[in-house]
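Here is coords.tsv, consisting of TSV, C-alpha atoms:
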```tsv
chain	number	residue	atom	x	y	z
A	691	MET	CA	101.43	77.44	6.46
A	692	SER	CA	100.79	73.89	5.25
A	693	SER	CA	97.57	73.09	3.45
A	694	ILE	CA	96.85	69.91	5.45
A	695	SER	CA	96.95	68.88	9.09
A	696	THR	CA	99.77	66.74	10.46
A	697	SER	CA	97.46	63.77	11.06
A	698	GLU	CA	96.24	63.97	7.45
A	699	LEU	CA	99.85	64.10	6.28
A	700	THR	CA	100.63	61.03	8.38
A	701	ASP	CA	97.75	59.18	6.70
A	702	ARG	CA	99.01	60.13	3.23
A	703	LEU	CA	102.55	59.05	4.09
A	704	VAL	CA	101.25	55.71	5.37
A	705	ASP	CA	99.26	55.23	2.13
A	706	ASP	CA	102.40	56.00	0.13
A	707	LEU	CA	104.51	53.45	2.03
A	708	GLU	CA	106.32	50.88	-0.09
A	709	PRO	CA	108.75	48.28	1.23
A	710	VAL	CA	112.36	49.44	0.99
A	711	LYS	CA	115.64	47.65	1.44
A	712	PRO	CA	117.92	49.39	3.95
A	713	ILE	CA	121.11	50.60	2.35
A	714	PRO	CA	124.45	49.15	3.48
A	715	THR	CA	126.08	50.64	6.56
A	716	ALA	CA	128.24	53.75	6.27
A	717	LEU	CA	131.31	51.59	6.91
A	718	LYS	CA	130.46	49.25	4.02
A	719	LEU	CA	129.80	52.15	1.64
A	720	TRP	CA	133.06	53.79	2.66
A	721	ALA	CA	134.94	50.50	2.21
A	722	ALA	CA	133.36	50.02	-1.24
A	723	TRP	CA	134.54	53.47	-2.28
A	724	LEU	CA	138.03	52.85	-0.88
A	725	VAL	CA	138.24	49.66	-2.94
A	726	SER	CA	137.34	51.62	-6.10
A	727	ALA	CA	139.95	54.25	-5.20
A	728	ALA	CA	142.59	51.58	-4.51
A	729	LEU	CA	141.82	49.94	-7.87
A	730	VAL	CA	142.32	53.27	-9.63
A	731	LEU	CA	145.65	53.74	-7.84
A	732	LEU	CA	146.71	50.24	-8.82
A	733	LEU	CA	145.67	50.68	-12.45
A	734	SER	CA	147.35	54.08	-12.63
A	735	SER	CA	150.62	52.63	-11.37
A	736	LEU	CA	150.39	49.81	-13.92
A	737	LYS	CA	149.33	51.99	-16.85
A	738	SER	CA	151.37	55.15	-16.41
A	739	LYS	CA	155.09	55.65	-16.01
A	740	ILE	CA	156.33	55.33	-12.44
A	741	ARG	CA	158.70	58.14	-11.50
A	742	PRO	CA	162.29	56.98	-12.05
A	743	ASP	CA	163.47	58.18	-8.66
A	744	LEU	CA	160.70	56.46	-6.70
A	745	ALA	CA	163.06	54.17	-4.80
A	746	ALA	CA	165.19	57.14	-3.74
A	747	VAL	CA	162.32	59.48	-2.74
A	748	ALA	CA	160.48	56.67	-0.97
A	749	ALA	CA	163.28	56.74	1.60
A	750	GLU	CA	162.80	60.46	2.27
A	751	PRO	CA	160.60	61.25	5.30
A	752	GLY	CA	159.15	64.34	3.57
A	753	PHE	CA	157.82	62.29	0.65
A	754	LEU	CA	156.49	59.58	2.94
A	755	ILE	CA	154.73	62.12	5.18
A	756	GLN	CA	153.20	63.85	2.14
A	757	SER	CA	151.99	60.57	0.63
A	758	ALA	CA	150.55	59.34	3.93
A	759	ALA	CA	148.92	62.72	4.52
A	760	ILE	CA	147.22	62.68	1.10
A	761	ILE	CA	145.92	59.16	1.64
A	762	ALA	CA	144.74	59.96	5.20
A	763	ALA	CA	143.02	63.17	4.07
A	764	CYS	CA	141.41	61.41	1.10
A	765	ALA	CA	140.07	58.50	3.21
A	766	SER	CA	138.83	60.80	5.98
A	767	ILE	CA	137.12	63.24	3.62
A	768	ALA	CA	135.43	60.24	2.02
A	769	ALA	CA	134.32	59.06	5.48
A	770	MET	CA	132.90	62.51	6.20
A	771	ALA	CA	131.01	62.53	2.90
A	772	VAL	CA	129.50	59.10	3.58
A	773	GLY	CA	128.66	60.25	7.12
A	774	LEU	CA	126.70	63.17	5.70
A	775	CYS	CA	124.71	60.84	3.45
A	776	ILE	CA	123.44	58.57	6.22
A	777	PRO	CA	121.71	60.46	9.04
A	778	GLY	CA	123.14	59.70	12.45
A	779	SER	CA	126.37	58.14	11.22
A	780	ARG	CA	128.59	61.18	11.28
A	781	ASN	CA	131.59	61.09	13.58
A	782	SER	CA	134.03	63.79	14.59
A	783	LEU	CA	137.05	61.49	14.23
A	784	SER	CA	137.02	61.92	10.42
A	785	LEU	CA	137.21	65.70	10.76
A	786	TRP	CA	140.26	65.44	12.99
A	787	THR	CA	141.93	63.01	10.59
A	788	VAL	CA	141.31	65.46	7.72
A	789	ILE	CA	142.78	68.31	9.77
A	790	VAL	CA	145.80	66.21	10.81
A	791	GLY	CA	146.26	64.85	7.24
A	792	ILE	CA	146.13	68.23	5.49
A	793	GLY	CA	148.11	69.80	8.33
A	794	ALA	CA	150.84	67.14	7.99
A	795	TRP	CA	151.01	67.72	4.22
A	796	ILE	CA	151.32	71.49	4.70
A	797	ALA	CA	153.99	70.97	7.40
A	798	ALA	CA	156.01	68.63	5.14
A	799	ALA	CA	155.64	71.00	2.17
A	800	GLY	CA	156.53	73.98	4.37
A	801	TYR	CA	159.64	72.20	5.59
A	802	GLU	CA	160.72	71.62	1.97
A	803	VAL	CA	160.14	75.26	1.06
A	804	PHE	CA	162.11	76.30	4.15
A	805	SER	CA	165.02	74.01	3.17
A	806	HIS	CA	164.92	75.40	-0.38
A	807	LEU	CA	165.05	78.96	0.87
A	808	GLN	CA	167.86	78.16	3.31
A	809	ASN	CA	169.92	76.78	0.43
A	810	GLY	CA	169.33	80.05	-1.40
A	811	ALA	CA	167.10	78.47	-4.07
A	812	SER	CA	163.81	80.02	-5.16
A	813	ILE	CA	160.63	77.96	-4.99
A	814	LEU	CA	159.96	79.09	-8.56
A	815	ALA	CA	163.19	77.44	-9.75
A	816	GLY	CA	161.80	74.03	-10.62
A	817	TYR	CA	158.28	75.17	-11.43
A	818	ARG	CA	156.83	74.47	-14.83
A	819	PRO	CA	153.11	74.61	-15.49
A	820	ILE	CA	152.45	71.03	-16.55
A	821	TYR	CA	148.83	70.70	-17.59
A	822	MET	CA	149.24	66.95	-18.09
A	823	CYS	CA	149.33	66.51	-14.33
A	824	SER	CA	146.08	68.47	-13.82
A	825	THR	CA	144.44	66.43	-16.58
A	826	ALA	CA	145.77	63.20	-15.05
A	827	VAL	CA	144.30	64.11	-11.63
A	828	LEU	CA	140.91	64.63	-13.27
A	829	ILE	CA	141.12	61.42	-15.29
A	830	TYR	CA	142.12	59.32	-12.28
A	831	SER	CA	139.25	60.77	-10.29
A	832	ILE	CA	136.50	59.86	-12.78
A	833	ILE	CA	135.82	56.34	-11.47
A	834	PRO	CA	135.95	57.22	-7.74
A	835	ALA	CA	133.76	60.27	-8.43
A	836	ALA	CA	131.20	58.18	-10.31
A	837	VAL	CA	131.12	55.59	-7.51
A	838	PHE	CA	130.75	58.32	-4.91
A	839	LEU	CA	127.97	60.14	-6.74
A	840	PHE	CA	126.13	56.82	-6.95
A	841	ILE	CA	126.53	56.40	-3.17
A	842	VAL	CA	125.25	59.95	-2.56
A	843	ARG	CA	122.26	59.30	-4.82
A	844	LEU	CA	121.50	56.01	-3.09
A	845	SER	CA	121.43	57.60	0.36
A	846	SER	CA	119.87	60.69	1.97
A	847	PRO	CA	122.16	63.68	1.65
A	848	LEU	CA	120.33	66.22	3.79
A	849	GLN	CA	123.32	68.51	3.30
A	850	SER	CA	123.56	67.83	-0.41
A	851	LYS	CA	126.07	70.52	-1.36
A	852	ARG	CA	128.48	69.68	1.41
A	853	ALA	CA	128.20	65.94	0.78
A	854	ALA	CA	128.85	66.31	-2.97
A	855	PHE	CA	131.74	68.73	-2.32
A	856	LEU	CA	133.45	66.27	0.02
A	857	ALA	CA	132.70	63.31	-2.27
A	858	LEU	CA	134.30	64.93	-5.31
A	859	PHE	CA	137.17	66.43	-3.32
A	860	ALA	CA	138.01	62.95	-1.96
A	861	SER	CA	137.79	61.57	-5.52
A	862	GLY	CA	140.12	64.30	-6.74
A	863	LEU	CA	142.61	63.40	-4.02
A	864	VAL	CA	142.75	59.87	-5.44
A	865	GLY	CA	144.22	61.49	-8.55
A	866	THR	CA	146.59	63.54	-6.39
A	867	ALA	CA	147.72	60.36	-4.64
A	868	ALA	CA	148.23	58.58	-7.98
A	869	LEU	CA	150.53	61.38	-9.15
A	870	GLN	CA	152.73	60.94	-6.08
A	871	ILE	CA	154.12	57.81	-7.71
A	872	SER	CA	154.11	58.94	-11.33
A	873	CYS	CA	155.15	62.62	-11.32
A	874	ALA	CA	158.79	63.34	-10.55
A	875	ASN	CA	158.32	67.09	-10.15
A	876	ASP	CA	158.40	67.84	-6.43
A	877	ASN	CA	158.32	71.60	-6.77
A	878	ILE	CA	155.88	72.92	-4.19
A	879	LEU	CA	154.12	75.27	-6.62
A	880	HIS	CA	153.72	72.43	-9.09
A	881	LEU	CA	152.27	70.20	-6.36
A	882	LEU	CA	149.86	72.90	-5.24
A	883	LEU	CA	148.72	74.09	-8.66
A	884	SER	CA	148.81	70.88	-10.69
A	885	HIS	CA	148.13	68.18	-8.09
A	886	TRP	CA	146.00	69.78	-5.36
A	887	LEU	CA	144.16	72.53	-7.20
A	888	PRO	CA	142.36	70.16	-9.65
A	889	ALA	CA	141.15	68.13	-6.64
A	890	VAL	CA	139.82	71.29	-4.98
A	891	ALA	CA	138.27	72.40	-8.28
A	892	LEU	CA	136.52	69.06	-8.52
A	893	GLY	CA	135.18	69.63	-5.01
A	894	VAL	CA	133.82	73.03	-6.05
A	895	LEU	CA	132.13	71.35	-9.01
A	896	GLY	CA	130.59	69.02	-6.42
A	897	LEU	CA	128.99	72.02	-4.70
A	898	PHE	CA	127.06	72.82	-7.87
A	899	LEU	CA	126.25	69.20	-8.65
A	900	GLY	CA	125.01	68.72	-5.10
A	901	GLN	CA	122.66	71.64	-5.51
A	902	PHE	CA	121.26	70.42	-8.83
A	903	LEU	CA	121.26	66.65	-8.42
A	904	PHE	CA	120.62	65.96	-4.76
A	905	ASP	CA	118.92	69.03	-3.29
A	906	TRP	CA	116.82	67.80	-0.35
A	907	ASP	CA	114.23	70.58	-0.58
A	908	THR	CA	113.56	69.60	-4.20
A	909	LYS	CA	113.03	65.99	-3.11
A	910	VAL	CA	110.63	67.08	-0.36
A	911	ASN	CA	108.72	69.28	-2.82
A	912	ARG	CA	108.45	66.41	-5.31
A	913	LEU	CA	107.07	64.17	-2.57
A	914	LYS	CA	104.57	66.89	-1.66
A	915	GLU	CA	103.44	67.03	-5.28
A	916	ARG	CA	103.08	63.25	-5.38
A	917	LEU	CA	101.00	63.33	-2.21
A	918	SER	CA	98.94	66.24	-3.60
A	919	ILE	CA	100.01	68.62	-0.86
A	920	LYS	CA	99.79	72.27	-1.79
A	921	LYS	CA	103.11	74.09	-1.13
B	336	MET	CA	110.90	51.57	11.62
B	337	GLU	CA	112.26	48.17	10.75
B	338	ARG	CA	108.71	46.91	10.20
B	339	ALA	CA	107.87	50.04	8.22
B	340	GLN	CA	110.82	49.35	5.93
B	341	LYS	CA	109.23	45.99	5.20
B	342	GLY	CA	105.98	47.72	4.22
B	343	ASP	CA	103.98	47.31	7.45
B	344	ARG	CA	101.56	50.25	7.25
B	345	GLY	CA	100.13	49.76	10.73
B	346	ALA	CA	103.58	49.95	12.30
B	347	TYR	CA	104.44	52.98	10.18
B	348	SER	CA	101.27	54.81	11.16
B	349	GLU	CA	101.96	54.04	14.83
B	350	LEU	CA	105.54	55.21	14.46
B	351	LEU	CA	104.70	58.52	12.76
B	352	THR	CA	101.92	59.24	15.24
B	353	SER	CA	104.19	58.61	18.21
B	354	LEU	CA	107.05	60.59	16.67
B	355	THR	CA	105.00	63.70	15.94
B	356	PRO	CA	104.93	65.06	19.55
B	357	VAL	CA	108.63	64.22	19.98
B	358	ILE	CA	109.55	66.13	16.82
B	359	ARG	CA	107.24	69.00	17.72
B	360	GLY	CA	108.87	69.29	21.15
B	361	PHE	CA	112.34	69.28	19.62
B	362	VAL	CA	111.39	71.95	17.08
B	363	ARG	CA	109.55	74.11	19.61
B	364	LYS	CA	112.70	74.34	21.75
B	365	ARG	CA	114.61	75.77	18.80
B	366	ILE	CA	112.04	77.89	16.98
B	367	ALA	CA	110.46	80.86	18.72
B	368	ASP	CA	107.83	81.34	16.04
B	369	GLU	CA	104.96	79.03	16.98
B	370	SER	CA	103.31	79.29	13.54
B	371	SER	CA	106.35	77.63	11.90
B	372	VAL	CA	106.51	74.67	14.29
B	373	ASP	CA	103.82	72.65	12.48
B	374	ASP	CA	105.36	73.38	9.07
B	375	ILE	CA	108.77	72.16	10.20
B	376	CYS	CA	107.25	69.17	11.94
B	377	GLN	CA	105.53	68.18	8.67
B	378	ASP	CA	108.73	68.79	6.77
B	379	VAL	CA	110.55	66.42	9.13
B	380	LEU	CA	107.89	63.74	8.63
B	381	LEU	CA	108.26	64.06	4.85
B	382	SER	CA	112.04	63.83	5.22
B	383	ILE	CA	111.75	60.73	7.40
B	384	HIS	CA	109.57	59.17	4.69
B	385	LEU	CA	112.15	59.98	2.01
B	386	ALA	CA	115.11	58.86	4.10
B	387	ARG	CA	113.57	55.71	5.57
B	388	ARG	CA	115.87	53.38	3.64
B	389	THR	CA	118.91	54.95	5.32
B	390	TYR	CA	117.76	53.83	8.77
B	391	LEU	CA	119.86	50.84	9.67
B	392	PRO	CA	118.02	48.40	11.97
B	393	SER	CA	121.30	47.49	13.67
B	394	LYS	CA	121.85	51.12	14.74
B	395	PRO	CA	119.97	53.19	17.35
B	396	PHE	CA	116.96	55.09	16.05
B	397	LYS	CA	117.30	58.37	17.98
B	398	PRO	CA	120.52	59.69	16.40
B	399	TRP	CA	119.02	59.00	12.96
B	400	LEU	CA	115.77	60.80	13.80
B	401	PHE	CA	117.35	63.80	15.49
B	402	THR	CA	119.95	64.28	12.77
B	403	ILE	CA	117.12	64.64	10.26
B	404	THR	CA	115.10	66.89	12.57
B	405	ARG	CA	118.04	69.13	13.47
B	406	ARG	CA	119.02	69.46	9.82
B	407	ARG	CA	115.52	70.47	8.73
B	408	VAL	CA	115.30	73.04	11.54
B	409	ILE	CA	118.63	74.55	10.42
B	410	ASP	CA	117.47	74.59	6.79
B	411	HIS	CA	114.25	76.33	7.83
B	412	GLN	CA	116.17	78.97	9.79
B	413	ARG	CA	118.52	79.53	6.87
B	414	ARG	CA	115.62	79.94	4.42
B	415	ARG	CA	113.90	82.32	6.82
B	416	PHE	CA	117.07	84.37	7.23
B	417	LYS	CA	117.49	84.67	3.44
B	418	ARG	CA	113.82	85.56	2.93
B	419	ARG	CA	114.01	88.15	5.68
B	420	GLY	CA	117.09	89.70	4.06
B	421	ARG	CA	115.23	89.93	0.75
B	422	GLU	CA	112.19	91.47	2.42
B	423	LEU	CA	114.30	94.12	4.11
B	424	LEU	CA	115.90	94.95	0.78
B	425	ASP	CA	112.51	95.08	-0.92
B	426	ASP	CA	111.16	97.39	1.77
B	427	GLY	CA	113.91	99.93	1.36
B	428	ALA	CA	116.67	98.45	3.53
B	429	ILE	CA	116.21	100.38	6.74
B	430	LEU	CA	119.22	98.67	8.27
B	431	ASP	CA	122.16	99.32	6.01
B	432	LEU	CA	125.19	97.29	7.08
B	433	GLU	CA	127.56	99.55	5.19
B	434	HIS	CA	126.58	102.40	7.46
B	435	ALA	CA	126.64	100.41	10.67
B	436	PRO	CA	127.85	103.27	12.95
B	437	ASN	CA	124.74	105.28	12.08
B	438	GLN	CA	122.50	102.28	12.36
B	439	ILE	CA	121.60	102.49	16.04
B	440	ALA	CA	120.80	106.19	15.88
B	441	SER	CA	118.78	105.64	12.70
B	442	MET	CA	116.92	102.77	14.32
B	443	ALA	CA	116.10	104.88	17.39
B	444	ASP	CA	114.82	107.73	15.19
B	445	PHE	CA	112.94	105.21	13.14
B	446	ILE	CA	111.19	103.71	16.17
B	447	LYS	CA	110.37	107.22	17.44
B	448	ALA	CA	108.88	108.12	14.05
B	449	THR	CA	106.65	105.02	14.09
B	450	GLU	CA	105.03	106.24	17.35
B	451	LYS	CA	103.13	108.87	15.40
B	452	LEU	CA	101.70	106.34	12.93
B	453	PRO	CA	98.17	104.89	13.02
B	454	GLU	CA	97.99	101.73	15.09
B	455	LYS	CA	97.77	99.25	12.21
B	456	LYS	CA	100.83	100.65	10.45
B	457	ARG	CA	102.75	100.81	13.71
B	458	GLU	CA	101.84	97.23	14.50
B	459	ALA	CA	102.90	96.08	11.01
B	460	ILE	CA	106.28	97.75	11.38
B	461	ARG	CA	106.76	96.34	14.85
B	462	LEU	CA	106.00	92.79	13.70
B	463	VAL	CA	108.13	92.83	10.54
B	464	HIS	CA	111.00	95.21	11.21
B	465	ILE	CA	111.44	94.94	14.95
B	466	GLU	CA	110.27	91.44	15.87
B	467	GLY	CA	111.57	89.96	12.63
B	468	LYS	CA	108.42	88.14	11.52
B	469	SER	CA	107.96	87.40	7.83
B	470	THR	CA	105.41	89.50	5.93
B	471	ARG	CA	103.31	86.37	5.53
B	472	GLU	CA	103.16	85.77	9.28
B	473	ALA	CA	102.57	89.44	10.02
B	474	ALA	CA	99.78	89.59	7.43
B	475	GLU	CA	98.07	86.64	9.09
B	476	LEU	CA	98.35	88.23	12.53
B	477	LEU	CA	96.97	91.53	11.25
B	478	GLY	CA	94.21	89.85	9.28
B	479	MET	CA	95.19	91.29	5.90
B	480	ASN	CA	96.68	89.90	2.73
B	481	GLU	CA	100.46	89.72	2.26
B	482	THR	CA	100.61	91.95	-0.82
B	483	GLY	CA	98.54	94.64	0.89
B	484	LEU	CA	100.84	94.51	3.90
B	485	ARG	CA	103.96	94.79	1.76
B	486	VAL	CA	102.57	97.80	-0.09
B	487	MET	CA	101.56	99.41	3.18
B	488	LEU	CA	105.01	98.77	4.70
B	489	HIS	CA	106.79	100.10	1.65
B	490	ARG	CA	104.77	103.33	1.61
B	491	THR	CA	105.01	103.82	5.37
B	492	ILE	CA	108.78	103.33	5.39
B	493	LYS	CA	109.18	105.64	2.43
B	494	GLY	CA	107.20	108.27	4.35
B	495	ILE	CA	109.29	107.82	7.48
B	496	LYS	CA	112.53	108.04	5.50
B	497	GLU	CA	111.43	111.29	3.92
B	498	GLN	CA	110.42	112.59	7.33
B	499	LEU	CA	113.79	111.60	8.83
```
Translate the structure described by the file into structure tokens.
Amino acid sequence: MSSISTSELTDRLVDDLEPVKPIPTALKLWAAWLVSAALVLLLSSLKSKIRPDLAAVAAEPGFLIQSAAIIAACASIAAMAVGLCIPGSRNSLSLWTVIVGIGAWIAAAGYEVFSHLQNGASILAGYRPIYMCSTAVLIYSIIPAAVFLFIVRLSSPLQSKRAAFLALFASGLVGTAALQISCANDNILHLLLSHWLPAVALGVLGLFLGQFLFDWDTKVNRLKERLSIKK
Amino acid sequence: MERAQKGDRGAYSELLTSLTPVIRGFVRKRIADESSVDDICQDVLLSIHLARRTYLPSKPFKPWLFTITRRRVIDHQRRRFKRRGRELLDDGAILDLEHAPNQIASMADFIKATEKLPEKKREAIRLVHIEGKSTREAAELLGMNETGLRVMLHRTIKGIKEQL
């Protein structure tokens, strides 16, 4: 039971009112993040070695589908995260794009595994645990993650854990996308464990960060304290 | 809201006052417990205050408002569900999910056993363990303090368990 009446609360909120500048639209925030992600991709392709067989694999439909799927999933997850940060701006289209993107990647990867098995090769054949790739995914995701956390902080993440999870997962996928053009190892296990897993792990880290940094209940309680409302 | 974002206190006061019955109506449709409606309504007003910079004047106001309201209602229900789970555990976990097949029979015996209890104890058990009210709400309805109610519930349930 609250310690004050609703009309008294209204009066205190009115007294506390300060002018605020509305934040940019969800579309602008999303575009700003995409620009930061694109810059990271560009820098990564300039800085790191491009895979020697890029021209050859770029002609393969499997590679193209996988790359497009990663980019589509990354952009849509980012759109979902931004949508969660601005009340009323969520749309169901992003969710479908994520499902289609990840589904397309799984289908392309599954087709490769199937071809491997049909040729009598094991999917373990080309697998080597390369930690450099996992580290690279995390390094490439630092800037997009920082930009995204700033966006989350700037806005109102009522579902803080989910928003931070999606924000960091999308940032991790920027690293995954960057490795598409620099890592020549197309083994499915390598892609899953060294390219995708770090992105997912980053998302899980987002769950914890969301709880600690952006928890809405904590913000409401702080406001109550400022307005001298007994909890 | 646009004027409130610019610092117009009169407009903000008018807005919050006119929103209060709308929010209350929305919450009341989703929350059966009347005593929580005001709390959630106040929580929504505080959230609106915190989130006011995310309202975009070029966009419609209702989706923004109802997203915040719906979210706070869900958060309240989630908190209540967690608290209720803790209370059941604290009170000796009458309903044990691991032994679900025996649960209905146990519950029936349990309700039968409460019929022999003094009225106040029976009422307390009905409110908390059958109707699902929190101990705080039940204590208010019974006109006693929460700690006293919890102790009474714990002892009564222990007695019933021994009896069963």
Quick check: residues of chain B within 10 Å of chain A, only C-alpha atoms, returned as an MDAnalysis selection string. chainID B and resid 337:352 355 370:404 406:407 410 471:472
If you measure from CA of Ala854 (chain A) to CA of Leu899 (chain A), what distance in Å do you get, rounded to one decimal? 6.9 Å
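CA of Glu454 (chain B) to CA of Ala367 (chain B) spans 24.6 Å [interatomic distance, one decimal].
With CA of Ser766 (chain A) on one side and CA of Gly900 (chain A) on the other, the separation reads 19.4 Å.
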Extract, using all atoms listed in the file, all DNA, RNA and protein residues at most 12 Å from region 871-881 of chain A, discarding same-chain residues fewer than 6 positions from it, and format them as JSON, numbers by chain. {"A": [731, 732, 733, 734, 735, 736, 737, 738, 739, 740, 741, 742, 743, 744, 745, 746, 747, 748, 752, 753, 754, 756, 757, 760, 795, 796, 797, 798, 799, 800, 801, 802, 803, 804, 805, 806, 811, 812, 813, 814, 815, 816, 817, 818, 819, 820, 821, 822, 823, 824, 826, 827, 864, 865, 887, 888, 889]}
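If you measure from each of B:Ser469, B:Glu450, B:Glu497, B:Leu488 to Arg414 (chain B) using all atoms listed in the file, the closest one turns out to be B:Ser469.
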